[in-house]
$ cat final_29.txt   # compact mmCIF, C-alpha atoms and all ligand atoms
# COMPACT_ATOMS: atom_id res chain seq x y z
CA MET P 198 0.00 0.00 0.00
CA ILE P 199 1.28 3.42 -0.95
CA ASP P 200 2.35 5.86 1.74
CA PHE P 201 0.44 9.02 0.90
CA SER P 202 2.17 11.27 3.44
CA VAL P 203 4.17 12.93 0.66
CA LEU P 204 0.92 14.49 -0.55
CA ARG P 205 0.80 16.62 2.61
CA GLN P 206 4.02 18.25 1.44
CA ASP P 207 2.78 18.60 -2.13
CA PHE P 208 -0.50 20.19 -1.06
CA PRO P 209 0.34 21.90 2.25
CA LYS P 210 -2.83 24.01 2.44
CA ALA P 211 -5.28 21.25 1.54
CA THR P 212 -7.94 20.14 3.98
CA LYS P 213 -9.83 17.85 1.58
CA VAL P 214 -8.93 15.32 -1.08
CA ALA P 215 -11.27 13.81 -3.69
CA LEU P 216 -10.41 10.16 -4.30
CA VAL P 217 -11.67 9.60 -7.85
CA THR P 218 -11.83 6.00 -8.99
CA ASP P 219 -13.86 3.47 -10.96
CA SER P 220 -16.11 0.69 -9.69
CA ASN P 221 -13.52 -2.11 -10.09
CA VAL P 222 -10.69 -0.31 -8.37
CA GLU P 223 -13.08 0.86 -5.66
CA ARG P 224 -14.12 -2.74 -4.99
CA LEU P 225 -10.53 -3.98 -4.83
CA TYR P 226 -8.72 -1.15 -3.10
CA GLY P 227 -11.22 1.57 -2.16
CA ASP P 228 -11.56 1.13 1.61
CA ALA P 229 -7.88 0.54 2.26
CA THR P 230 -6.95 3.58 0.17
CA VAL P 231 -9.42 5.83 1.95
CA ARG P 232 -7.94 4.73 5.27
CA ALA P 233 -4.39 5.38 4.04
CA LEU P 234 -5.33 8.85 2.82
CA GLU P 235 -7.20 9.64 6.03
CA ALA P 236 -4.07 8.70 7.94
CA THR P 237 -2.48 11.84 6.48
CA GLY P 238 -5.06 13.95 8.31
CA LEU P 239 -7.08 14.92 5.24
CA ARG P 240 -10.83 14.63 4.84
CA VAL P 241 -11.39 12.12 2.03
CA GLU P 242 -14.34 12.34 -0.37
CA ARG P 243 -14.84 9.36 -2.67
CA ILE P 244 -16.12 9.85 -6.21
CA VAL P 245 -16.72 6.58 -8.04
CA PHE P 246 -17.97 5.98 -11.59
CA PRO P 247 -18.58 2.74 -13.53
CA ALA P 248 -15.41 1.11 -14.90
CA GLY P 249 -14.62 1.20 -18.60
CA GLU P 250 -13.96 3.49 -21.55
CA ALA P 251 -17.74 4.03 -21.89
CA SER P 252 -17.49 6.23 -18.77
CA LYS P 253 -14.89 8.54 -20.29
CA THR P 254 -17.53 11.06 -21.31
CA ILE P 255 -18.30 14.71 -20.77
CA GLU P 256 -21.23 13.51 -18.63
CA THR P 257 -18.86 11.79 -16.19
CA TYR P 258 -16.57 14.83 -16.37
CA ALA P 259 -19.54 17.04 -15.48
CA GLU P 260 -20.37 14.75 -12.54
CA LEU P 261 -16.81 15.10 -11.31
CA VAL P 262 -16.60 18.88 -11.44
CA ARG P 263 -20.11 19.25 -10.03
CA GLY P 264 -19.18 16.80 -7.28
CA LEU P 265 -16.20 18.97 -6.37
CA ALA P 266 -18.44 22.04 -6.33
CA VAL P 267 -21.08 20.38 -4.12
CA LEU P 268 -18.32 19.28 -1.75
CA GLU P 269 -17.04 22.88 -1.73
CA PHE P 270 -13.51 22.05 -2.83
CA SER P 271 -11.30 25.12 -2.81
CA ARG P 272 -8.26 25.90 -4.97
CA THR P 273 -5.91 24.54 -2.33
CA ASP P 274 -7.69 21.18 -2.08
CA PHE P 275 -6.82 18.47 -4.59
CA ALA P 276 -7.94 15.32 -6.37
CA VAL P 277 -6.33 11.90 -6.66
CA GLY P 278 -6.98 9.92 -9.83
CA PHE P 279 -6.79 6.31 -8.63
CA GLY P 280 -7.16 3.77 -11.42
CA GLY P 281 -6.35 3.12 -15.05
CA GLY P 282 -6.02 5.63 -17.85
CA VAL P 283 -9.75 6.32 -17.96
CA VAL P 284 -9.72 7.46 -14.34
CA THR P 285 -6.51 9.49 -14.53
CA ASP P 286 -7.48 11.18 -17.84
CA LEU P 287 -10.86 12.23 -16.41
CA THR P 288 -9.52 13.26 -13.00
CA GLY P 289 -6.81 15.35 -14.62
CA PHE P 290 -9.30 17.04 -16.91
CA ALA P 291 -11.64 17.82 -14.01
CA ALA P 292 -8.68 19.18 -12.03
CA ALA P 293 -7.52 21.26 -15.02
CA THR P 294 -10.84 23.04 -15.30
CA TYR P 295 -12.51 23.12 -11.87
CA LEU P 296 -11.95 26.64 -10.47
CA ARG P 297 -9.72 27.14 -13.57
CA GLY P 298 -7.31 24.55 -12.25
CA ILE P 299 -6.63 22.74 -9.00
CA GLY P 300 -3.81 20.34 -8.20
CA TRP P 301 -4.05 16.59 -8.63
CA ALA P 302 -2.05 13.45 -8.10
CA ALA P 303 -2.18 10.23 -10.11
CA VAL P 304 -2.06 6.74 -8.65
CA PRO P 305 -2.10 4.49 -11.74
CA THR P 306 -3.27 0.94 -11.11
CA THR P 307 -2.94 -0.54 -14.62
CA LEU P 308 0.32 -1.22 -16.44
CA LEU P 309 -0.76 1.07 -19.28
CA GLY P 310 -1.59 3.73 -16.72
CA MET P 311 1.83 3.39 -15.10
CA VAL P 312 3.98 3.50 -18.24
CA ASP P 313 1.84 5.79 -20.36
CA ALA P 314 -1.42 7.47 -19.31
CA SER P 315 -0.23 8.98 -16.02
CA VAL P 316 2.95 10.37 -17.60
CA GLY P 317 3.02 13.52 -19.67
CA GLY P 318 0.05 15.60 -18.55
CA LYS P 319 -2.47 14.82 -21.30
CA THR P 320 -5.94 14.73 -19.75
CA GLY P 321 -9.37 14.55 -21.30
CA ALA P 322 -12.57 12.80 -22.23
CA ASP P 323 -14.10 11.23 -25.32
CA LEU P 324 -16.90 12.82 -27.33
CA PRO P 325 -19.53 10.91 -29.32
CA GLU P 326 -17.62 12.25 -32.35
CA GLY P 327 -14.34 10.64 -31.34
CA LYS P 328 -11.85 9.61 -28.68
CA ASN P 329 -9.98 12.18 -26.59
CA LEU P 330 -11.45 15.08 -28.54
CA VAL P 331 -11.72 17.31 -25.48
CA GLY P 332 -9.03 17.81 -22.88
CA ALA P 333 -6.17 19.83 -21.50
CA PHE P 334 -2.48 19.55 -20.82
CA TRP P 335 -2.41 19.52 -16.99
CA LYS P 336 0.31 17.56 -15.26
CA PRO P 337 -0.29 15.81 -11.95
CA VAL P 338 1.76 17.32 -9.15
CA ARG P 339 2.77 13.81 -8.12
CA VAL P 340 2.51 10.30 -9.58
CA LEU P 341 2.65 7.44 -7.08
CA ARG P 342 3.28 4.03 -8.60
CA ASP P 343 3.13 0.66 -6.89
CA ALA P 344 3.57 -2.44 -9.06
CA ALA P 345 1.67 -4.48 -6.43
CA TYR P 346 -1.61 -3.20 -7.94
CA LEU P 347 -0.80 -5.13 -11.12
CA GLU P 348 -1.30 -8.48 -9.37
CA THR P 349 -5.07 -8.17 -9.79
CA LEU P 350 -4.98 -6.99 -13.39
CA ASP P 351 -6.29 -9.44 -15.98
CA GLU P 352 -4.15 -10.74 -18.83
CA ARG P 353 -5.69 -8.55 -21.51
CA GLU P 354 -5.07 -5.38 -19.50
CA ARG P 355 -1.51 -6.47 -18.76
CA MET P 356 -0.85 -6.96 -22.46
CA ASN P 357 -2.12 -3.44 -23.20
CA GLY P 358 0.72 -2.17 -21.04
CA ILE P 359 3.27 -4.60 -22.46
CA ALA P 360 2.51 -3.31 -25.98
CA GLU P 361 3.37 0.23 -24.84
CA MET P 362 6.57 -1.03 -23.21
CA ILE P 363 7.59 -2.72 -26.46
CA LYS P 364 6.84 0.54 -28.26
CA THR P 365 9.16 2.42 -25.89
CA ALA P 366 11.93 -0.13 -26.40
CA VAL P 367 11.61 -0.03 -30.20
CA LEU P 368 11.69 3.77 -30.18
CA PHE P 369 14.57 4.43 -27.83
CA ASP P 370 16.18 1.56 -26.01
CA PRO P 371 17.83 -1.61 -27.39
CA THR P 372 18.78 -2.67 -23.83
CA LEU P 373 15.14 -2.51 -22.73
CA PHE P 374 14.25 -4.43 -25.90
CA GLU P 375 16.62 -7.21 -24.80
CA ALA P 376 15.14 -7.23 -21.29
CA LEU P 377 11.67 -7.59 -22.79
CA ARG P 378 12.93 -10.47 -24.92
CA THR P 379 14.02 -12.21 -21.73
CA LEU P 380 10.63 -11.53 -20.14
CA ALA P 381 8.83 -12.90 -23.21
CA ALA P 382 10.82 -16.11 -22.96
CA ALA P 383 9.01 -16.76 -19.67
CA CYS P 384 5.53 -16.49 -21.25
CA GLY P 385 3.65 -19.76 -21.18
CA GLU P 386 0.19 -21.31 -21.10
CA GLY P 387 -0.80 -19.21 -18.12
CA GLY P 388 0.25 -15.97 -19.84
CA CYS P 389 3.23 -13.69 -19.47
CA PRO P 390 4.90 -12.64 -16.23
CA LEU P 391 4.47 -9.10 -14.97
CA PRO P 392 7.37 -6.86 -15.90
CA PRO P 393 9.62 -6.03 -12.95
CA ALA P 394 9.39 -2.55 -11.44
CA ASP P 395 12.76 -1.43 -12.87
CA LEU P 396 11.55 -2.00 -16.44
CA ILE P 397 8.37 -0.06 -15.68
CA GLU P 398 10.45 2.82 -14.29
CA ARG P 399 12.66 2.75 -17.38
CA CYS P 400 9.63 3.24 -19.63
CA VAL P 401 8.38 6.05 -17.43
CA ALA P 402 11.79 7.75 -17.61
CA TRP P 403 11.78 7.61 -21.42
CA LYS P 404 8.33 9.11 -21.69
CA GLU P 405 9.19 11.81 -19.15
CA ARG P 406 12.30 12.69 -21.10
CA ILE P 407 10.43 13.04 -24.41
CA VAL P 408 7.60 15.01 -22.83
CA ALA P 409 10.10 17.38 -21.17
CA GLU P 410 11.57 18.08 -24.62
CA ASP P 411 8.22 18.59 -26.34
CA PHE P 412 5.29 19.01 -23.95
CA ARG P 413 2.71 20.07 -26.55
CA GLU P 414 3.60 17.48 -29.15
CA GLY P 415 5.00 19.84 -31.77
CA GLY P 416 7.82 17.47 -32.75
CA ARG P 417 9.61 14.62 -31.00
CA ARG P 418 6.67 13.64 -28.79
CA LYS P 419 4.95 12.49 -31.98
CA LEU P 420 7.33 9.52 -31.94
CA LEU P 421 5.19 8.10 -29.13
CA ASN P 422 2.51 7.46 -31.75
CA LEU P 423 4.47 4.48 -33.08
CA GLY P 424 1.95 1.79 -34.01
CA HIS P 425 -0.99 3.98 -33.00
CA THR P 426 -2.05 5.47 -36.33
CA PHE P 427 -2.88 2.06 -37.78
CA GLY P 428 -3.62 0.73 -34.29
CA HIS P 429 -6.54 3.11 -33.87
CA ALA P 430 -7.84 2.23 -37.33
CA ILE P 431 -7.68 -1.50 -36.45
CA GLU P 432 -9.45 -0.96 -33.11
CA HIS P 433 -12.26 0.85 -34.91
CA ALA P 434 -12.49 -1.63 -37.78
CA SER P 435 -12.84 -4.45 -35.22
CA HIS P 436 -15.49 -2.51 -33.27
CA PHE P 437 -13.11 -2.79 -30.31
CA ALA P 438 -13.04 -6.61 -30.36
CA VAL P 439 -9.29 -6.17 -30.83
CA SER P 440 -7.84 -4.67 -27.62
CA HIS P 441 -5.79 -1.49 -27.62
CA GLY P 442 -2.56 -3.41 -26.98
CA GLU P 443 -3.26 -5.94 -29.72
CA ALA P 444 -4.10 -3.13 -32.13
CA VAL P 445 -0.92 -1.19 -31.30
CA ALA P 446 1.04 -4.41 -31.76
CA MET P 447 -0.57 -4.93 -35.17
CA GLY P 448 0.13 -1.29 -36.02
CA MET P 449 3.80 -1.74 -35.09
CA ARG P 450 4.01 -4.82 -37.28
CA LEU P 451 2.59 -2.88 -40.24
CA VAL P 452 5.11 -0.03 -40.08
CA GLY P 453 7.93 -2.17 -38.68
CA GLY P 454 8.50 -4.32 -41.75
CA LYS P 455 12.13 -3.19 -42.05
CA VAL P 456 12.97 -4.51 -38.56
CA PRO P 457 12.11 -8.24 -38.22
CA GLU P 458 13.08 -8.27 -34.51
CA ILE P 459 9.91 -6.28 -33.76
CA GLY P 460 7.59 -8.94 -35.18
CA ALA P 461 9.63 -11.65 -33.46
CA LEU P 462 9.24 -9.99 -30.02
CA LEU P 463 5.51 -9.45 -30.57
CA ASP P 464 5.23 -13.13 -31.51
CA ALA P 465 7.14 -14.14 -28.38
CA PHE P 466 4.59 -12.26 -26.26
CA GLY P 467 1.78 -13.95 -28.19
CA PHE P 468 0.35 -10.81 -29.80
CA PRO P 469 -1.97 -11.80 -32.66
CA VAL P 470 -1.20 -11.04 -36.29
CA LEU P 471 -3.59 -9.06 -38.45
CA SER P 472 -5.27 -11.44 -40.84
CA ARG P 473 -4.93 -10.10 -44.38
CA ASP P 474 -7.77 -12.36 -45.51
CA ASP P 475 -10.24 -10.94 -43.01
CA PRO P 476 -12.65 -8.60 -44.86
CA HIS P 477 -12.69 -6.27 -41.82
CA TYR P 478 -9.06 -5.34 -42.34
CA THR P 479 -8.65 -4.66 -46.03
CA ALA P 480 -6.28 -1.84 -46.93
CA GLU P 481 -9.30 0.27 -47.97
CA ARG P 482 -11.03 -0.16 -44.61
CA LEU P 483 -7.91 0.56 -42.59
CA LEU P 484 -6.68 3.48 -44.61
CA ALA P 485 -9.97 5.33 -45.06
CA PRO P 486 -10.17 6.64 -41.44
CA LEU P 487 -6.65 8.04 -41.72
CA ALA P 488 -7.99 10.69 -44.07
CA HIS P 489 -9.80 12.03 -40.96
CA ASP P 490 -6.93 11.46 -38.52
CA LYS P 491 -6.47 14.43 -36.19
CA LYS P 492 -2.71 14.18 -36.77
CA ARG P 493 -3.12 14.56 -40.52
CA SER P 494 -1.90 17.77 -42.17
CA GLY P 495 -2.86 18.58 -45.77
CA ASP P 496 -2.73 15.39 -47.81
CA THR P 497 -0.02 13.74 -45.72
CA VAL P 498 -0.03 11.73 -42.50
CA THR P 499 3.03 11.60 -40.25
CA LEU P 500 3.95 8.00 -39.53
CA VAL P 501 6.63 6.71 -37.17
CA ILE P 502 8.76 4.28 -39.15
CA PRO P 503 11.27 2.00 -37.41
CA HIS P 504 14.61 1.62 -39.21
CA ALA P 505 16.24 -0.33 -36.36
CA VAL P 506 15.49 -0.88 -32.69
CA GLY P 507 16.33 2.53 -31.20
CA ASP P 508 16.12 4.32 -34.57
CA CYS P 509 12.58 5.36 -35.49
CA ARG P 510 11.85 8.35 -37.68
CA LEU P 511 8.89 10.64 -38.28
CA GLU P 512 8.06 10.43 -41.96
CA ASP P 513 5.37 12.35 -43.84
CA VAL P 514 3.54 9.94 -46.08
CA ARG P 515 1.09 11.04 -48.73
CA LEU P 516 -2.35 9.48 -48.32
CA GLU P 517 -2.02 7.65 -51.64
CA ASP P 518 1.31 6.14 -50.54
CA LEU P 519 0.10 4.86 -47.16
CA ARG P 520 -0.48 1.33 -48.36
CA PHE P 521 3.21 1.11 -49.35
CA ALA P 522 4.32 2.49 -45.98
CA ALA P 523 2.21 -0.16 -44.26
CA ASN P 524 3.36 -2.91 -46.60
CA MET P 525 -0.25 -3.43 -47.68
CA VAL P 526 0.42 -4.04 -51.32
N1 LIG P 601 -3.17 10.67 -21.05
C1 LIG P 601 -2.40 9.91 -21.79
O1 LIG P 601 -1.28 10.29 -22.17
C2 LIG P 601 -2.88 8.55 -22.18
C3 LIG P 601 -1.99 7.62 -22.74
C4 LIG P 601 -2.45 6.35 -23.04
C5 LIG P 601 -3.78 6.02 -22.81
N2 LIG P 601 -4.61 6.95 -22.28
C6 LIG P 601 -6.02 6.61 -22.03
O2 LIG P 601 -6.06 5.59 -21.06
C7 LIG P 601 -7.26 4.84 -21.25
C8 LIG P 601 -6.92 3.37 -21.18
O3 LIG P 601 -6.32 3.12 -19.92
P1 LIG P 601 -6.36 1.67 -19.25
O4 LIG P 601 -5.90 0.67 -20.24
O5 LIG P 601 -5.67 1.79 -17.96
O6 LIG P 601 -7.92 1.41 -19.12
P2 LIG P 601 -8.97 1.53 -17.90
O7 LIG P 601 -8.72 2.73 -17.09
O8 LIG P 601 -10.31 1.37 -18.52
O9 LIG P 601 -8.62 0.25 -17.02
C9 LIG P 601 -8.80 -1.02 -17.60
C10 LIG P 601 -9.62 -1.94 -16.70
O10 LIG P 601 -8.81 -2.39 -15.62
C11 LIG P 601 -9.50 -2.18 -14.39
N3 LIG P 601 -8.47 -2.01 -13.37
C12 LIG P 601 -7.73 -0.92 -13.13
N4 LIG P 601 -6.79 -1.19 -12.22
C13 LIG P 601 -6.96 -2.47 -11.86
C14 LIG P 601 -6.28 -3.33 -10.96
N5 LIG P 601 -5.21 -2.93 -10.29
N6 LIG P 601 -6.73 -4.60 -10.84
C15 LIG P 601 -7.79 -5.03 -11.57
N7 LIG P 601 -8.47 -4.28 -12.45
C16 LIG P 601 -8.04 -3.00 -12.59
C17 LIG P 601 -10.38 -1.01 -14.63
O11 LIG P 601 -11.45 -0.95 -13.74
C18 LIG P 601 -10.84 -1.26 -16.08
O12 LIG P 601 -11.89 -2.16 -16.08
C19 LIG P 601 -7.85 5.25 -22.58
O13 LIG P 601 -8.96 6.08 -22.36
C20 LIG P 601 -6.73 6.05 -23.23
O14 LIG P 601 -7.23 7.07 -24.09
C21 LIG P 601 -4.19 8.19 -21.96
$ encode --input "final_29.txt" --output "structure tokens" --more "lines below"
Ligand SMILES: NC(=O)c1ccc[n+]([C@@H]2O[C@H](COP(=O)([O-])OP(=O)(O)OC[C@H]3O[C@@H](n4cnc5c(N)ncnc54)[C@H](O)[C@@H]3O)[C@@H](O)[C@H]2O)c1
Amino acid sequence: MIDFSVLRQDFPKATKVALVTDSNVERLYGDATVRALEATGLRVERIVFPAGEASKTIETYAELVRGLAVLEFSRTDFAVGFGGGVVTDLTGFAAATYLRGIGWAAVPTTLLGMVDASVGGKTGADLPEGKNLVGAFWKPVRVLRDAAYLETLDERERMNGIAEMIKTAVLFDPTLFEALRTLAAACGEGGCPLPPADLIERCVAWKERIVAEDFREGGRRKLLNLGHTFGHAIEHASHFAVSHGEAVAMGMRLVGGKVPEIGALLDAFGFPVLSRDDPHYTAERLLAPLAHDKKRSGDTVTLVIPHAVGDCRLEDVRLEDLRFAANMV
């Protein structure tokens, strides 16, 4: 269990903390976490919403900020986002906008939350028109990670985080890539082992470094989209039957054709391969949404293309050339 006493130093004038979480995390860890926060001398208010991406809406966001208002939170009070990326994205967005900005801390409880969502200050909600279309850059004052939370995470959620760790290794870190190869060798019938805390911290450090260089994603931060442009298209084409991690893995395979080690590592972790014969995933179906991609500019899309592990480059690809970039010919 995390020691929350550091939050008293981070928020010295606070009298209240809103513990924002989802129904699953509440069931598993809610009471113990409230007690641990209360031990710091703060009054703890719980705000819980149903688990899942379907809750990442402006309606839930409105419930959060209205909840803070009803509870008379002041500018010196703060919120704790305690859960996966859905919880931390929403909590951060509520914190960014309530009273024009209050402080918040993130306590990620999923692997994806630890290595990705809680790092870098992107917060937000989905709109019916698309994912993450509303939000703010608003960094948590503190992120508290404890790998012990991952023990209760199911295999699919673990693999979502592993896919992001592989992405980090491919982008920046051949040594991490080797460590992940060793981890993959221990995968078996019962699934893959949890990555050790030092590998998690290594991924966090890479993302922090890139975000520090380019907070608003004008340049280098775009590298973090490796596998995601096609990954998002695959998720949509599958109507979300393919998980985020599987889709990112498939996206990395599509752009990673020049680097066979990438496919080999994804195989070792048991990530599925996109079936070219499946009518859901024809080049036409996958490429069409890219014409509406929010990262598109003019008639080109910026793709992240691996040339070697640790050498990935941003390349502007014309829409009509995308199928070549993704080896879909
Ligand atoms: N802000 C960013 O930079 C950023 C980056 C990547 C992803 N995201 C966002 O993160 C979201 C995905 O995050 P996620 O994969 O963590 O999903 P999630 O928050 O929906 O969590 C996945 C599931 O795991 C459950 N869960 C959480 N912790 C658990 C635990 N310790 N034990 C058992 N179950 C647990 C949750 O209740 C949920 O059902 C997406 O909305 C995505 O847009 C944001």
$ residues_near_ligand --input "final_29.txt" --ligand "ligand LIG 601 (chain P)" --cutoff "8 Å" --atoms "only C-alpha atoms and all ligand atoms" --output "number ranges by chain"
P: 219-222, 225, 248-250, 253, 280-286, 305-310, 313-323, 328-329, 346-351, 354, 357-358, 441
$ residues_around --input "final_29.txt" --residues "Asp464 (chain P)" --least-positions-apart "3" --cutoff "12 Å" --atoms "only C-alpha atoms" --output "list of chain:residue names"
P:Ala360, P:Ile363, P:Arg378, P:Ala381, P:Ala382, P:Cys384, P:Glu443, P:Ala446, P:Met447, P:Arg450, P:Pro457, P:Glu458, P:Ile459, P:Gly460, P:Ala461, P:Gly467, P:Phe468, P:Pro469, P:Val470, P:Leu471
$ residues_around --input "final_29.txt" --residues "Glu512 (chain P)" --least-positions-apart "2" --cutoff "9 Å" --atoms "all atoms listed in the file" --output "list in words"
Val498, Thr499, Leu500, Val501, Ile502, Arg510 and Val514 of chain P
$ atom_distance --input "final_29.txt" --atom1 "CA of Val312 (chain P)" --atom2 "CA of Pro486 (chain P)"
27.4 Å
$ residues_around --input "final_29.txt" --residues "region 412-423 of chain P" --least-positions-apart "5" --cutoff "7 Å" --atoms "only C-alpha atoms" --output "ChimeraX atom specification"
/P:364,407,449,501,511
$ residues_around --input "final_29.txt" --residues "Ala444 (chain P)" --least-positions-apart "6" --cutoff "12 Å" --atoms "all atoms listed in the file" --output "VMD selection string"
chain P and resid 356 to 357 360 to 361 423 to 438 450 to 451 463 468 to 471 478 483
$ closest_residue --input "final_29.txt" --among "P:Ile255, P:Ala211, P:Leu296, P:Ala402" --to "Gly327 (chain P)" --atoms "all atoms listed in the file"
P:Ile255
$ closest_residue --input "final_29.txt" --among "P:Pro476, P:Pro325, P:Gly507, P:Gly227" --to "Phe369 (chain P)" --atoms "all atoms listed in the file"
P:Gly507
$ closest_residue --input "final_29.txt" --among "P:Thr294, P:Thr479, P:Thr372, P:Ser440" --to "Glu352 (chain P)" --atoms "all atoms listed in the file"
P:Ser440
$ atom_distance --input "final_29.txt" --atom1 "CA of Leu487 (chain P)" --atom2 "CA of Asp474 (chain P)"
20.8 Å
$ closest_residue --input "final_29.txt" --among "P:Val304, P:Ala229, P:Cys400, P:Ala266" --to "Arg342 (chain P)" --atoms "all atoms listed in the file"
P:Val304
$ closest_residue --input "final_29.txt" --among "P:Arg515, P:Arg355, P:His504, P:Arg272" --to "Gly454 (chain P)" --atoms "only C-alpha atoms"
P:His504
$ atom_distance --input "final_29.txt" --atom1 "CA of Ile244 (chain P)" --atom2 "CA of Ala344 (chain P)"
23.4 Å
$ residues_near_point --input "final_29.txt" --point "(-4.3, 5.3, 4.2)" --cutoff "12 Å" --atoms "all atoms listed in the file" --output "list in words"
Met198, Ile199, Asp200, Phe201, Ser202, Val203, Leu204, Leu216, Tyr226, Gly227, Asp228, Ala229, Thr230, Val231, Arg232, Ala233, Leu234, Glu235, Ala236, Thr237, Gly238, Leu239, Arg240 and Val241 of chain P
$ closest_residue --input "final_29.txt" --among "P:Phe521, P:Phe246, P:Trp403, P:Phe334" --to "Leu368 (chain P)" --atoms "all atoms listed in the file"
P:Trp403
